[in-house]
$ cat protein.txt   # compact mmCIF, C-alpha atoms and all ligand atoms
# COMPACT_ATOMS: atom_id res chain seq x y z
CA MET A 1 31.01 -55.82 42.69
CA ARG A 2 29.50 -52.35 42.63
CA ASN A 3 25.78 -51.75 43.05
CA VAL A 4 24.03 -48.64 41.81
CA GLN A 5 20.40 -47.96 42.69
CA VAL A 6 18.01 -46.36 40.20
CA PRO A 7 15.53 -44.53 42.48
CA LEU A 8 12.09 -44.73 40.87
CA GLY A 9 9.71 -45.55 43.73
CA ASP A 10 8.07 -48.93 43.20
CA ARG A 11 9.95 -49.27 39.90
CA SER A 12 13.39 -48.83 41.50
CA TYR A 13 16.05 -51.35 40.57
CA THR A 14 19.71 -52.20 41.02
CA ILE A 15 22.50 -52.05 38.46
CA LYS A 16 25.27 -54.50 39.32
CA VAL A 17 28.71 -53.87 37.83
CA GLY A 18 31.47 -56.45 38.10
CA GLY A 19 33.12 -59.55 36.68
CA GLY A 20 31.58 -63.04 36.67
CA LEU A 21 27.94 -61.92 36.51
CA LEU A 22 26.88 -64.01 33.50
CA PRO A 23 27.36 -67.33 35.32
CA ARG A 24 25.37 -65.80 38.20
CA LEU A 25 22.44 -64.73 35.99
CA GLY A 26 20.14 -67.44 37.37
CA VAL A 27 21.06 -66.78 41.00
CA GLU A 28 20.50 -63.05 40.52
CA CYS A 29 17.15 -63.57 38.79
CA ALA A 30 16.06 -65.98 41.53
CA GLN A 31 16.15 -63.05 43.97
CA LEU A 32 13.53 -61.16 41.96
CA GLN A 33 10.64 -63.58 42.55
CA LEU A 34 9.76 -63.99 38.90
CA GLY A 35 7.99 -66.86 37.13
CA ARG A 36 9.93 -69.97 36.08
CA ARG A 37 9.48 -69.59 32.36
CA CYS A 38 11.67 -67.01 30.64
CA ALA A 39 13.11 -66.04 27.27
CA VAL A 40 16.65 -64.92 26.59
CA ILE A 41 16.59 -62.54 23.63
CA THR A 42 19.99 -62.09 22.04
CA ASP A 43 21.59 -61.43 18.66
CA SER A 44 23.51 -63.74 16.34
CA ASN A 45 26.97 -62.50 17.48
CA VAL A 46 26.35 -62.33 21.20
CA GLY A 47 24.35 -65.56 21.22
CA LYS A 48 27.32 -67.52 19.85
CA LYS A 49 29.49 -66.29 22.71
CA PHE A 50 27.23 -66.09 25.72
CA ALA A 51 23.81 -67.75 25.19
CA LYS A 52 24.93 -71.17 26.39
CA ALA A 53 26.24 -69.77 29.69
CA ALA A 54 23.08 -67.70 30.18
CA LEU A 55 20.76 -70.67 29.56
CA LYS A 56 22.83 -72.95 31.79
CA SER A 57 22.85 -70.46 34.64
CA LEU A 58 19.08 -69.94 34.41
CA SER A 59 18.34 -73.69 34.22
CA THR A 60 20.61 -74.45 37.18
CA SER A 61 18.60 -71.97 39.25
CA GLY A 62 15.35 -73.74 38.35
CA PHE A 63 14.14 -71.51 35.49
CA GLU A 64 12.85 -72.83 32.17
CA PRO A 65 14.56 -70.63 29.60
CA VAL A 66 14.01 -70.49 25.84
CA LEU A 67 16.34 -68.74 23.43
CA ILE A 68 15.29 -66.19 20.82
CA THR A 69 18.08 -65.07 18.49
CA VAL A 70 17.70 -62.11 16.13
CA PRO A 71 20.20 -61.09 13.45
CA ALA A 72 22.93 -58.79 14.80
CA GLY A 73 22.66 -55.14 13.82
CA GLU A 74 20.37 -52.13 13.85
CA LYS A 75 18.05 -53.73 11.25
CA SER A 76 16.66 -55.96 14.01
CA LYS A 77 15.23 -52.92 15.73
CA ARG A 78 11.98 -52.98 13.73
CA ILE A 79 8.35 -53.91 14.16
CA ALA A 80 8.62 -57.06 12.01
CA VAL A 81 11.23 -58.47 14.41
CA VAL A 82 9.12 -57.46 17.42
CA GLU A 83 6.27 -59.49 15.93
CA GLN A 84 8.53 -62.51 15.40
CA CYS A 85 9.53 -62.28 19.07
CA TYR A 86 5.85 -62.11 20.16
CA ASP A 87 5.09 -65.20 18.08
CA GLN A 88 7.92 -67.15 19.69
CA LEU A 89 6.93 -66.04 23.21
CA ALA A 90 3.34 -67.11 22.56
CA ALA A 91 4.43 -70.43 21.02
CA GLN A 92 6.53 -71.11 24.13
CA ARG A 93 3.54 -70.13 26.30
CA LEU A 94 5.24 -67.35 28.21
CA GLU A 95 2.75 -65.87 30.65
CA ARG A 96 2.30 -62.69 32.69
CA LYS A 97 4.82 -63.79 35.35
CA SER A 98 7.35 -65.02 32.82
CA PHE A 99 10.26 -62.71 32.10
CA ILE A 100 12.70 -61.72 29.39
CA VAL A 101 16.47 -61.39 29.61
CA ALA A 102 17.96 -58.94 27.09
CA LEU A 103 21.45 -60.34 26.42
CA GLY A 104 23.38 -58.06 24.08
CA GLY A 105 24.12 -54.49 23.10
CA GLY A 106 21.76 -51.55 22.78
CA VAL A 107 19.94 -53.06 19.81
CA VAL A 108 18.93 -56.16 21.76
CA GLY A 109 18.18 -54.11 24.90
CA ASP A 110 15.90 -51.67 23.07
CA LEU A 111 14.14 -54.44 21.12
CA ALA A 112 13.75 -56.93 23.99
CA GLY A 113 12.72 -54.13 26.36
CA PHE A 114 9.98 -53.06 23.94
CA VAL A 115 8.82 -56.66 23.51
CA ALA A 116 8.69 -56.98 27.33
CA ALA A 117 6.82 -53.67 27.63
CA THR A 118 4.08 -54.77 25.24
CA TYR A 119 3.74 -58.57 25.28
CA LEU A 120 0.66 -59.37 27.42
CA ARG A 121 0.61 -55.61 28.20
CA GLY A 122 3.96 -55.93 29.94
CA ILE A 123 6.07 -58.68 31.50
CA PRO A 124 9.21 -58.19 33.62
CA PHE A 125 12.63 -57.99 32.01
CA VAL A 126 16.28 -58.01 33.01
CA GLN A 127 19.03 -56.22 31.11
CA MET A 128 22.34 -58.03 30.63
CA PRO A 129 24.23 -55.49 28.48
CA THR A 130 27.34 -56.73 26.66
CA THR A 131 28.64 -53.56 24.97
CA LEU A 132 30.25 -50.59 26.71
CA LEU A 133 27.55 -48.32 25.27
CA ALA A 134 24.79 -50.54 26.62
CA GLN A 135 26.43 -50.86 30.06
CA VAL A 136 26.78 -47.10 30.59
CA ASP A 137 23.71 -45.89 28.75
CA SER A 138 21.06 -47.88 26.90
CA SER A 139 20.38 -50.59 29.52
CA VAL A 140 19.65 -48.00 32.21
CA GLY A 141 16.65 -45.70 32.32
CA GLY A 142 13.89 -47.60 30.59
CA LYS A 143 13.90 -46.17 27.08
CA THR A 144 12.86 -49.08 24.85
CA GLY A 145 11.77 -49.10 21.24
CA VAL A 146 12.35 -49.71 17.58
CA ASN A 147 12.91 -47.73 14.40
CA LEU A 148 10.55 -46.82 11.59
CA ARG A 149 11.60 -46.16 8.00
CA ALA A 150 10.93 -42.49 8.84
CA GLY A 151 13.52 -42.44 11.61
CA LYS A 152 15.21 -43.98 14.62
CA ASN A 153 13.42 -44.89 17.84
CA LEU A 154 10.10 -43.48 16.64
CA VAL A 155 8.06 -46.26 18.32
CA GLY A 156 8.69 -47.16 21.92
CA ALA A 157 7.82 -47.10 25.58
CA PHE A 158 9.37 -46.04 28.85
CA TYR A 159 9.61 -49.40 30.60
CA GLN A 160 12.08 -50.06 33.38
CA PRO A 161 13.95 -53.36 33.80
CA GLN A 162 13.86 -55.30 37.09
CA MET A 163 17.65 -55.33 37.25
CA VAL A 164 20.71 -54.55 35.12
CA LEU A 165 23.72 -56.88 35.21
CA CYS A 166 26.87 -55.38 33.67
CA ASP A 167 29.34 -58.24 33.44
CA LEU A 168 32.72 -56.68 32.67
CA ASP A 169 34.00 -60.03 31.36
CA THR A 170 31.65 -59.82 28.39
CA LEU A 171 33.46 -56.68 27.22
CA LYS A 172 36.61 -58.73 26.53
CA THR A 173 35.24 -59.97 23.21
CA LEU A 174 33.79 -56.65 22.06
CA PRO A 175 35.42 -55.48 18.78
CA LYS A 176 37.79 -52.53 19.32
CA ARG A 177 35.74 -50.14 17.18
CA GLU A 178 32.60 -50.89 19.22
CA PHE A 179 34.46 -50.44 22.49
CA ILE A 180 35.84 -47.06 21.42
CA SER A 181 32.40 -46.02 20.22
CA GLY A 182 31.08 -46.68 23.74
CA LEU A 183 33.77 -44.38 25.15
CA ALA A 184 31.98 -41.44 23.48
CA GLU A 185 29.05 -41.93 25.89
CA VAL A 186 31.46 -42.35 28.81
CA ILE A 187 33.17 -39.03 28.01
CA LYS A 188 29.73 -37.43 27.65
CA TYR A 189 28.98 -38.07 31.35
CA GLY A 190 32.12 -36.16 32.31
CA VAL A 191 31.16 -33.20 30.12
CA ILE A 192 27.52 -32.98 31.22
CA TYR A 193 27.72 -33.83 34.91
CA ASP A 194 31.08 -34.50 36.46
CA ALA A 195 34.27 -32.53 35.81
CA ILE A 196 36.13 -34.86 38.22
CA LEU A 197 35.16 -37.87 36.08
CA PHE A 198 36.31 -35.96 33.00
CA ALA A 199 39.74 -35.33 34.59
CA GLN A 200 39.91 -39.00 35.65
CA LEU A 201 39.24 -40.03 32.06
CA GLU A 202 42.03 -37.74 30.86
CA ARG A 203 44.42 -39.48 33.26
CA GLN A 204 43.22 -43.04 32.87
CA LEU A 205 42.37 -43.22 29.17
CA PRO A 206 45.29 -45.58 28.37
CA LYS A 207 44.11 -48.03 31.04
CA LEU A 208 40.54 -47.78 29.80
CA LEU A 209 41.66 -48.48 26.25
CA GLN A 210 43.45 -51.59 27.55
CA ARG A 211 40.12 -52.56 29.17
CA ASP A 212 41.72 -52.72 32.59
CA ALA A 213 39.07 -54.35 34.80
CA ALA A 214 39.47 -52.13 37.88
CA THR A 215 39.37 -48.92 35.83
CA LEU A 216 36.38 -50.15 33.84
CA ALA A 217 34.52 -51.04 37.03
CA THR A 218 35.00 -47.60 38.58
CA VAL A 219 34.21 -45.69 35.42
CA ILE A 220 31.18 -47.75 34.35
CA ALA A 221 29.70 -47.60 37.86
CA ARG A 222 30.17 -43.80 37.95
CA CYS A 223 28.46 -43.41 34.55
CA CYS A 224 25.58 -45.56 35.80
CA GLU A 225 25.33 -43.46 38.97
CA ILE A 226 25.04 -40.30 36.89
CA LYS A 227 22.44 -41.81 34.60
CA ALA A 228 20.51 -43.14 37.61
CA ASP A 229 20.60 -39.71 39.23
CA VAL A 230 19.27 -38.00 36.10
CA VAL A 231 16.59 -40.62 35.36
CA GLY A 232 15.56 -40.65 39.03
CA GLN A 233 14.73 -36.95 38.72
CA ASP A 234 13.16 -37.01 35.26
CA GLU A 235 12.16 -40.47 34.08
CA THR A 236 10.18 -39.44 31.00
CA GLU A 237 12.36 -36.57 29.77
CA SER A 238 10.19 -33.60 30.58
CA GLY A 239 13.33 -31.58 31.33
CA LEU A 240 16.63 -32.58 32.93
CA ARG A 241 16.94 -35.97 31.16
CA ALA A 242 17.50 -34.04 27.92
CA ILE A 243 21.08 -33.33 29.10
CA LEU A 244 21.89 -36.95 28.20
CA ASN A 245 21.44 -35.86 24.59
CA PHE A 246 24.55 -33.64 24.60
CA GLY A 247 26.10 -33.97 21.14
CA HIS A 248 23.14 -35.98 19.88
CA THR A 249 21.39 -33.25 17.84
CA ILE A 250 24.16 -33.19 15.26
CA GLY A 251 25.19 -36.79 16.06
CA HIS A 252 21.81 -38.29 15.19
CA ALA A 253 21.64 -36.15 12.06
CA ILE A 254 25.06 -37.48 10.99
CA GLU A 255 23.93 -41.10 11.54
CA ASN A 256 20.67 -40.51 9.73
CA SER A 257 21.94 -38.47 6.78
CA SER A 258 24.93 -40.69 6.05
CA GLY A 259 22.85 -43.88 6.06
CA TYR A 260 22.94 -45.87 9.29
CA GLY A 261 26.06 -48.00 9.59
CA LYS A 262 28.68 -45.65 8.12
CA PHE A 263 29.25 -44.05 11.50
CA LEU A 264 28.71 -45.98 14.73
CA HIS A 265 26.55 -44.11 17.24
CA GLY A 266 29.53 -43.17 19.43
CA GLU A 267 31.50 -41.94 16.43
CA ALA A 268 28.64 -39.70 15.30
CA ILE A 269 28.08 -38.25 18.77
CA SER A 270 31.80 -37.68 19.18
CA ILE A 271 31.66 -35.26 16.24
CA GLY A 272 28.35 -33.95 17.63
CA GLN A 273 29.84 -33.28 21.07
CA VAL A 274 32.85 -31.46 19.65
CA ALA A 275 30.45 -29.32 17.57
CA ALA A 276 28.24 -28.72 20.64
CA ALA A 277 31.32 -27.71 22.68
CA GLN A 278 32.25 -25.16 20.02
CA LEU A 279 28.70 -23.81 19.93
CA SER A 280 28.84 -23.65 23.74
CA HIS A 281 32.01 -21.58 23.53
CA LYS A 282 30.33 -19.13 21.16
CA LEU A 283 26.94 -18.94 22.87
CA LEU A 284 27.55 -19.63 26.56
CA GLY A 285 31.20 -18.75 27.00
CA LEU A 286 32.48 -22.29 27.62
CA PRO A 287 36.18 -21.47 28.18
CA SER A 288 38.33 -22.19 25.13
CA GLY A 289 40.68 -24.31 27.29
CA GLU A 290 37.76 -26.62 28.13
CA THR A 291 36.56 -26.77 24.52
CA GLU A 292 40.08 -27.88 23.58
CA ARG A 293 40.24 -30.49 26.37
CA ILE A 294 36.95 -31.98 25.15
CA GLU A 295 38.18 -32.27 21.54
CA LYS A 296 41.55 -33.67 22.68
CA LEU A 297 39.99 -36.41 24.82
CA PHE A 298 37.79 -37.63 21.95
CA LEU A 299 40.81 -37.62 19.63
CA GLN A 300 42.96 -39.51 22.12
CA ALA A 301 40.22 -42.09 22.53
CA GLY A 302 40.48 -42.72 18.78
CA LEU A 303 37.13 -41.13 17.94
CA PRO A 304 36.45 -38.90 14.92
CA VAL A 305 36.02 -35.17 15.56
CA LYS A 306 35.68 -33.99 11.97
CA ILE A 307 33.35 -34.71 9.07
CA LYS A 308 33.64 -33.96 5.35
CA LEU A 309 30.42 -32.54 3.96
CA ASN A 310 29.74 -31.52 0.38
CA SER A 311 26.71 -29.29 -0.15
CA ALA A 312 24.35 -32.22 -0.85
CA ARG A 313 25.37 -34.02 2.36
CA ARG A 314 25.14 -30.81 4.36
CA LYS A 315 21.58 -30.31 3.07
CA LYS A 316 20.68 -33.86 4.10
CA LEU A 317 22.22 -33.32 7.52
CA PHE A 318 20.14 -30.18 8.14
CA ALA A 319 17.00 -31.92 6.92
CA ALA A 320 17.71 -34.78 9.35
CA MET A 321 18.30 -32.34 12.19
CA ARG A 322 14.89 -30.75 11.62
CA LEU A 323 13.22 -34.20 11.74
CA ASP A 324 14.82 -35.08 15.05
CA LYS A 325 12.65 -35.61 18.13
CA LYS A 326 14.54 -32.77 19.81
CA VAL A 327 13.06 -30.19 17.43
CA SER A 328 10.17 -28.27 18.92
CA GLY A 329 8.13 -25.63 17.16
CA GLY A 330 10.42 -26.01 14.14
CA GLU A 331 13.44 -24.76 16.12
CA VAL A 332 16.55 -26.90 16.51
CA LYS A 333 17.34 -27.13 20.23
CA PHE A 334 20.72 -28.02 21.68
CA VAL A 335 22.20 -29.09 24.98
CA LEU A 336 25.10 -26.71 25.57
CA ALA A 337 27.84 -26.56 28.18
CA GLU A 338 28.52 -23.58 30.44
CA ARG A 339 31.61 -25.30 31.77
CA LEU A 340 32.88 -28.86 32.14
CA GLY A 341 30.33 -30.76 34.25
CA LYS A 342 27.52 -28.21 33.81
CA VAL A 343 25.17 -28.11 30.83
CA VAL A 344 21.82 -26.52 30.02
CA TRP A 345 19.20 -27.94 27.69
CA GLY A 346 16.64 -26.52 25.25
CA GLN A 347 19.01 -23.92 23.81
CA PRO A 348 17.90 -22.59 20.42
CA VAL A 349 20.81 -22.26 18.00
CA PRO A 350 20.60 -20.29 14.73
CA THR A 351 21.26 -22.51 11.71
CA THR A 352 23.84 -20.03 10.38
CA LEU A 353 25.92 -20.67 13.48
CA ILE A 354 25.63 -24.46 13.07
CA ASP A 355 26.73 -24.00 9.45
CA GLY A 356 29.80 -22.05 10.56
CA ILE A 357 30.78 -24.69 13.12
CA LEU A 358 30.40 -27.46 10.52
CA ASP A 359 32.71 -25.48 8.19
CA GLY A 360 35.34 -25.58 10.93
CA LEU A 361 34.95 -29.37 11.30
CA GLN A 362 35.85 -30.11 7.68
P1 LIG B 1 24.72 -53.23 19.06
O1 LIG B 1 23.73 -53.72 20.01
O2 LIG B 1 24.39 -53.28 17.61
O3 LIG B 1 26.09 -53.97 19.32
C1 LIG B 1 27.20 -53.68 18.52
C2 LIG B 1 27.82 -54.91 17.86
O4 LIG B 1 28.58 -55.61 18.83
C3 LIG B 1 26.80 -55.92 17.34
O5 LIG B 1 27.30 -56.47 16.16
C4 LIG B 1 26.75 -56.98 18.44
O6 LIG B 1 26.35 -58.22 17.94
C5 LIG B 1 28.17 -56.97 18.91
N1 LIG B 1 28.37 -57.35 20.30
C6 LIG B 1 27.66 -56.97 21.37
N2 LIG B 1 28.23 -57.38 22.51
C7 LIG B 1 29.34 -58.06 22.15
C8 LIG B 1 30.37 -58.70 22.88
N3 LIG B 1 30.41 -58.67 24.21
N4 LIG B 1 31.35 -59.32 22.19
C9 LIG B 1 31.34 -59.30 20.83
N5 LIG B 1 30.42 -58.68 20.08
C10 LIG B 1 29.43 -58.05 20.75
O7 LIG B 1 25.11 -51.68 19.35
P2 LIG B 1 25.24 -50.81 20.67
O8 LIG B 1 26.23 -49.77 20.33
O9 LIG B 1 25.41 -51.62 21.88
O10 LIG B 1 23.80 -50.14 20.77
C11 LIG B 1 23.32 -49.25 19.78
C12 LIG B 1 21.83 -49.14 19.93
O11 LIG B 1 21.53 -48.63 21.23
C13 LIG B 1 21.18 -48.20 18.95
O12 LIG B 1 20.06 -48.81 18.40
C14 LIG B 1 20.77 -47.01 19.79
O13 LIG B 1 19.61 -46.37 19.30
C15 LIG B 1 20.50 -47.67 21.10
N6 LIG B 1 20.60 -46.76 22.27
C16 LIG B 1 19.59 -46.77 23.15
C17 LIG B 1 19.63 -45.98 24.27
C18 LIG B 1 18.53 -46.05 25.28
O14 LIG B 1 18.53 -45.24 26.22
N7 LIG B 1 17.64 -46.99 25.18
C19 LIG B 1 20.75 -45.15 24.50
C20 LIG B 1 21.79 -45.17 23.56
C21 LIG B 1 21.71 -45.98 22.44
N1 LIG B 2 20.30 -42.15 26.07
C1 LIG B 2 19.48 -41.05 26.43
C2 LIG B 2 18.50 -41.38 27.49
O1 LIG B 2 18.46 -42.47 28.01
O2 LIG B 2 17.71 -40.54 27.82
$ encode --input "protein.txt" --output "structure tokens"
Amino acid sequence: MRNVQVPLGDRSYTIKVGGGLLPRLGVECAQLQLGRRCAVITDSNVGKKFAKAALKSLSTSGFEPVLITVPAGEKSKRIAVVEQCYDQLAAQRLERKSFIVALGGGVVGDLAGFVAATYLRGIPFVQMPTTLLAQVDSSVGGKTGVNLRAGKNLVGAFYQPQMVLCDLDTLKTLPKREFISGLAEVIKYGVIYDAILFAQLERQLPKLLQRDAATLATVIARCCEIKADVVGQDETESGLRAILNFGHTIGHAIENSSGYGKFLHGEAISIGQVAAAQLSHKLLGLPSGETERIEKLFLQAGLPVKIKLNSARRKKLFAAMRLDKKVSGGEVKFVLAERLGKVVWGQPVPTTLIDGILDGLQ
């Protein structure tokens, strides 16, 4: 088992990475001195596989858990579902000391985290992420929230969990496309923060794709360490934390303009990171050898690096980019790389240059 500490003063917490953590959920929660009553929030896919084990583990440790299951998919990240969760928590008489366990991928984590942040003005919660993306990214750092019709993640709160339990065994049932999508965030950590991790990924990609437990443990723990380091320095994204958005300016615009669901998040940010690497080459002199290594690693992982855009779709993509939270003063800002492992944020990029890069990605 590997432990990673997220250093946030009195809101610090531990991320545990290893096998066999789901059956230990109750024992782990018992160390946090929480109330007895709790709710496991999960989705319809994850619930079928893991809810029984989660409830059993909590009950065995003396907790009184109830189960709240939402439909699987991004559509559950909305205010109406938040309200349904509140109603069930109130009906089950969860109180201030009660807690929530978010059992699922990023959708469940963001939703359940937001419910925890706001029910009774905030009750504790524990993240039990079951997708690769959630284990290396969304369960760590306290960004919680839901979508509005106007855009993704437009309502939310920074609210840190009490603990994150990344059980590697849960990844065994993750569909291949979802697993590969999560690799896009893994590769991102190498590009933005750790050239040694990037080189390790180049060497060990076949083992990762086979979901080799030892390789997964090392890589997931390293990604969590990087995220913890960044969040520890800039919890609410006033500066440094923006580097985690490498590839997301174009990536989010791809997701948004193509209708959510066509591209998975990791697929969209794979294209976005390749575009950002090419912009970095042009604007910051990222060596062409490194730009090529970045594109090659995404390709070898089985992720898309190109996108077909007719003029109508290109228009929609630019409109989406301008709506993004990363736009300030009407200017589209990018995270760009100076070299592998070193990026800078808040870089204005002329739209003509973005247009040119997108031409090359056809
Ligand atoms: P997801 O939660 O929708 O999970 C993907 C699919 O896999 C779902 O159908 C789910 O039911 C299924 N699933 C989950 N775990 C499984 C398992 N172990 N076995 C079988 N099936 C399983 O998607 P995701 O990619 O985990 O998360 C995407 C969400 O995360 C987006 O809403 C995104 O905005 C959010 N996100 C948040 C942050 C943050 O910092 N809070 C960061 C990145 C992404
Ligand atoms: N996933 C980006 C962040 O947590 O800031």
$ residues_near_point --input "protein.txt" --point "(23.2, -64.9, 24.3)" --cutoff "12 Å" --atoms "all atoms listed in the file" --output "ChimeraX atom specification"
/A:22,25,39-57,65-72,101-105,108-109,127-130,170
$ closest_residue --input "protein.txt" --among "A:Lys176, A:Lys227, A:Lys282, A:Arg96" --to "ligand LIG 2 (chain B)" --atoms "only C-alpha atoms and all ligand atoms"
A:Lys227
$ residues_around --input "protein.txt" --residues "Ala90 in chain A" --least-positions-apart "4" --cutoff "12 Å" --atoms "all atoms listed in the file" --output "PDB file with C-alpha atoms, in the frame of the given file"
ATOM      1  CA  ARG A  37       9.480 -69.590  32.360  1.00  0.00           C
ATOM      2  CA  CYS A  38      11.670 -67.010  30.640  1.00  0.00           C
ATOM      3  CA  ALA A  39      13.110 -66.040  27.270  1.00  0.00           C
ATOM      4  CA  VAL A  66      14.010 -70.490  25.840  1.00  0.00           C
ATOM      5  CA  GLU A  83       6.270 -59.490  15.930  1.00  0.00           C
ATOM      6  CA  GLN A  84       8.530 -62.510  15.400  1.00  0.00           C
ATOM      7  CA  CYS A  85       9.530 -62.280  19.070  1.00  0.00           C
ATOM      8  CA  TYR A  86       5.850 -62.110  20.160  1.00  0.00           C
ATOM      9  CA  LEU A  94       5.240 -67.350  28.210  1.00  0.00           C
ATOM     10  CA  GLU A  95       2.750 -65.870  30.650  1.00  0.00           C
ATOM     11  CA  ARG A  96       2.300 -62.690  32.690  1.00  0.00           C
ATOM     12  CA  SER A  98       7.350 -65.020  32.820  1.00  0.00           C
ATOM     13  CA  VAL A 115       8.820 -56.660  23.510  1.00  0.00           C
ATOM     14  CA  TYR A 119       3.740 -58.570  25.280  1.00  0.00           C
ATOM     15  CA  LEU A 120       0.660 -59.370  27.420  1.00  0.00           C
TER      16      LEU A 120
END
$ atom_distance --input "protein.txt" --atom1 "CA of Lys316 in chain A" --atom2 "CA of Ser258 in chain A"
8.3 Å
$ axis_aligned_box --input "protein.txt" --around "ligand LIG 2 (chain B)" --padding-each-side "3 Å" --output "JSON"
{"center_x": 19.0, "center_y": -41.5, "center_z": 27.0, "size_x": 8.6, "size_y": 7.9, "size_z": 7.9}
$ closest_atom_pairs --input "protein.txt" --of "chain A" --to "ligand LIG 2 (chain B)" --cutoff "10 Å" --atoms "all atoms listed in the file" --output "tab-separated table"
residue	atom	partner	partner_atom	distance
A:Leu133	CA	B:LIG2	N1	9.6
A:Ala134	CA	B:LIG2	N1	9.5
A:Val136	CA	B:LIG2	N1	9.3
A:Asp137	CA	B:LIG2	N1	5.7
A:Ser138	CA	B:LIG2	N1	5.8
A:Ser139	CA	B:LIG2	O1	8.5
A:Val140	CA	B:LIG2	O1	7.0
A:Gly141	CA	B:LIG2	O1	5.7
A:Gly142	CA	B:LIG2	O1	7.3
A:Lys143	CA	B:LIG2	O1	5.9
A:Thr144	CA	B:LIG2	O1	9.2
A:Phe158	CA	B:LIG2	O1	9.8
A:Glu185	CA	B:LIG2	N1	8.8
A:Lys227	CA	B:LIG2	O1	7.7
A:Ala228	CA	B:LIG2	O1	9.8
A:Val230	CA	B:LIG2	O2	8.8
A:Val231	CA	B:LIG2	O2	7.6
A:Asp234	CA	B:LIG2	O2	9.4
A:Glu235	CA	B:LIG2	O2	8.4
A:Thr236	CA	B:LIG2	O2	8.2
A:Glu237	CA	B:LIG2	O2	6.9
A:Leu240	CA	B:LIG2	O2	9.5
A:Arg241	CA	B:LIG2	O2	5.7
A:Ala242	CA	B:LIG2	O2	6.5
A:Ile243	CA	B:LIG2	O2	8.1
A:Leu244	CA	B:LIG2	C1	5.1
A:Asn245	CA	B:LIG2	C1	5.8
A:Phe246	CA	B:LIG2	C1	9.2
A:His248	CA	B:LIG2	C1	9.1
$ residues_around --input "protein.txt" --residues "range 195-199 of chain A" --least-positions-apart "3" --cutoff "10 Å" --atoms "only C-alpha atoms" --output "PyMOL selection string"
chain A and resi 186-192+202-205+219+222-223+293-294+297+339-342
$ atom_distance --input "protein.txt" --atom1 "CA of Pro161 in chain A" --atom2 "CA of Gly35 in chain A"
15.1 Å
$ atom_distance --input "protein.txt" --atom1 "CA of Gly145 in chain A" --atom2 "CA of Phe125 in chain A"
14.0 Å
$ closest_residue --input "protein.txt" --among "A:Tyr193, A:Phe63, A:Tyr13, A:Phe263" --to "ligand LIG 1 (chain B)" --atoms "all atoms listed in the file"
A:Phe263
$ residues_around --input "protein.txt" --residues "Arg78 in chain A" --least-positions-apart "2" --cutoff "12 Å" --atoms "all atoms listed in the file" --output "PDB file with C-alpha atoms, in the coordinates of the input"
ATOM      1  CA  VAL A  70      17.700 -62.110  16.130  1.00  0.00           C
ATOM      2  CA  PRO A  71      20.200 -61.090  13.450  1.00  0.00           C
ATOM      3  CA  GLY A  73      22.660 -55.140  13.820  1.00  0.00           C
ATOM      4  CA  GLU A  74      20.370 -52.130  13.850  1.00  0.00           C
ATOM      5  CA  LYS A  75      18.050 -53.730  11.250  1.00  0.00           C
ATOM      6  CA  SER A  76      16.660 -55.960  14.010  1.00  0.00           C
ATOM      7  CA  ALA A  80       8.620 -57.060  12.010  1.00  0.00           C
ATOM      8  CA  VAL A  81      11.230 -58.470  14.410  1.00  0.00           C
ATOM      9  CA  VAL A  82       9.120 -57.460  17.420  1.00  0.00           C
ATOM     10  CA  GLU A  83       6.270 -59.490  15.930  1.00  0.00           C
ATOM     11  CA  GLN A  84       8.530 -62.510  15.400  1.00  0.00           C
ATOM     12  CA  CYS A  85       9.530 -62.280  19.070  1.00  0.00           C
ATOM     13  CA  VAL A 107      19.940 -53.060  19.810  1.00  0.00           C
ATOM     14  CA  VAL A 108      18.930 -56.160  21.760  1.00  0.00           C
ATOM     15  CA  ASP A 110      15.900 -51.670  23.070  1.00  0.00           C
ATOM     16  CA  LEU A 111      14.140 -54.440  21.120  1.00  0.00           C
ATOM     17  CA  ALA A 112      13.750 -56.930  23.990  1.00  0.00           C
ATOM     18  CA  PHE A 114       9.980 -53.060  23.940  1.00  0.00           C
ATOM     19  CA  VAL A 115       8.820 -56.660  23.510  1.00  0.00           C
ATOM     20  CA  THR A 144      12.860 -49.080  24.850  1.00  0.00           C
ATOM     21  CA  GLY A 145      11.770 -49.100  21.240  1.00  0.00           C
ATOM     22  CA  VAL A 146      12.350 -49.710  17.580  1.00  0.00           C
ATOM     23  CA  ASN A 147      12.910 -47.730  14.400  1.00  0.00           C
ATOM     24  CA  LEU A 148      10.550 -46.820  11.590  1.00  0.00           C
ATOM     25  CA  ARG A 149      11.600 -46.160   8.000  1.00  0.00           C
ATOM     26  CA  ALA A 150      10.930 -42.490   8.840  1.00  0.00           C
ATOM     27  CA  GLY A 151      13.520 -42.440  11.610  1.00  0.00           C
ATOM     28  CA  LYS A 152      15.210 -43.980  14.620  1.00  0.00           C
ATOM     29  CA  ASN A 153      13.420 -44.890  17.840  1.00  0.00           C
ATOM     30  CA  LEU A 154      10.100 -43.480  16.640  1.00  0.00           C
ATOM     31  CA  VAL A 155       8.060 -46.260  18.320  1.00  0.00           C
ATOM     32  CA  GLY A 156       8.690 -47.160  21.920  1.00  0.00           C
TER      33      GLY A 156
END
$ closest_residue --input "protein.txt" --among "A:Ile269, A:Ala213, A:Met1, A:Val6" --to "ligand LIG 1 (chain B)" --atoms "all atoms listed in the file"
A:Ile269
$ closest_residue --input "protein.txt" --among "A:Gln31, A:Asn256, A:Thr118, A:Thr215" --to "ligand LIG 1 (chain B)" --atoms "all atoms listed in the file"
A:Asn256
$ closest_residue --input "protein.txt" --among "A:Ile307, A:Leu264, A:Ile220, A:Ile123" --to "ligand LIG 1 (chain B)" --atoms "only C-alpha atoms and all ligand atoms"
A:Leu264
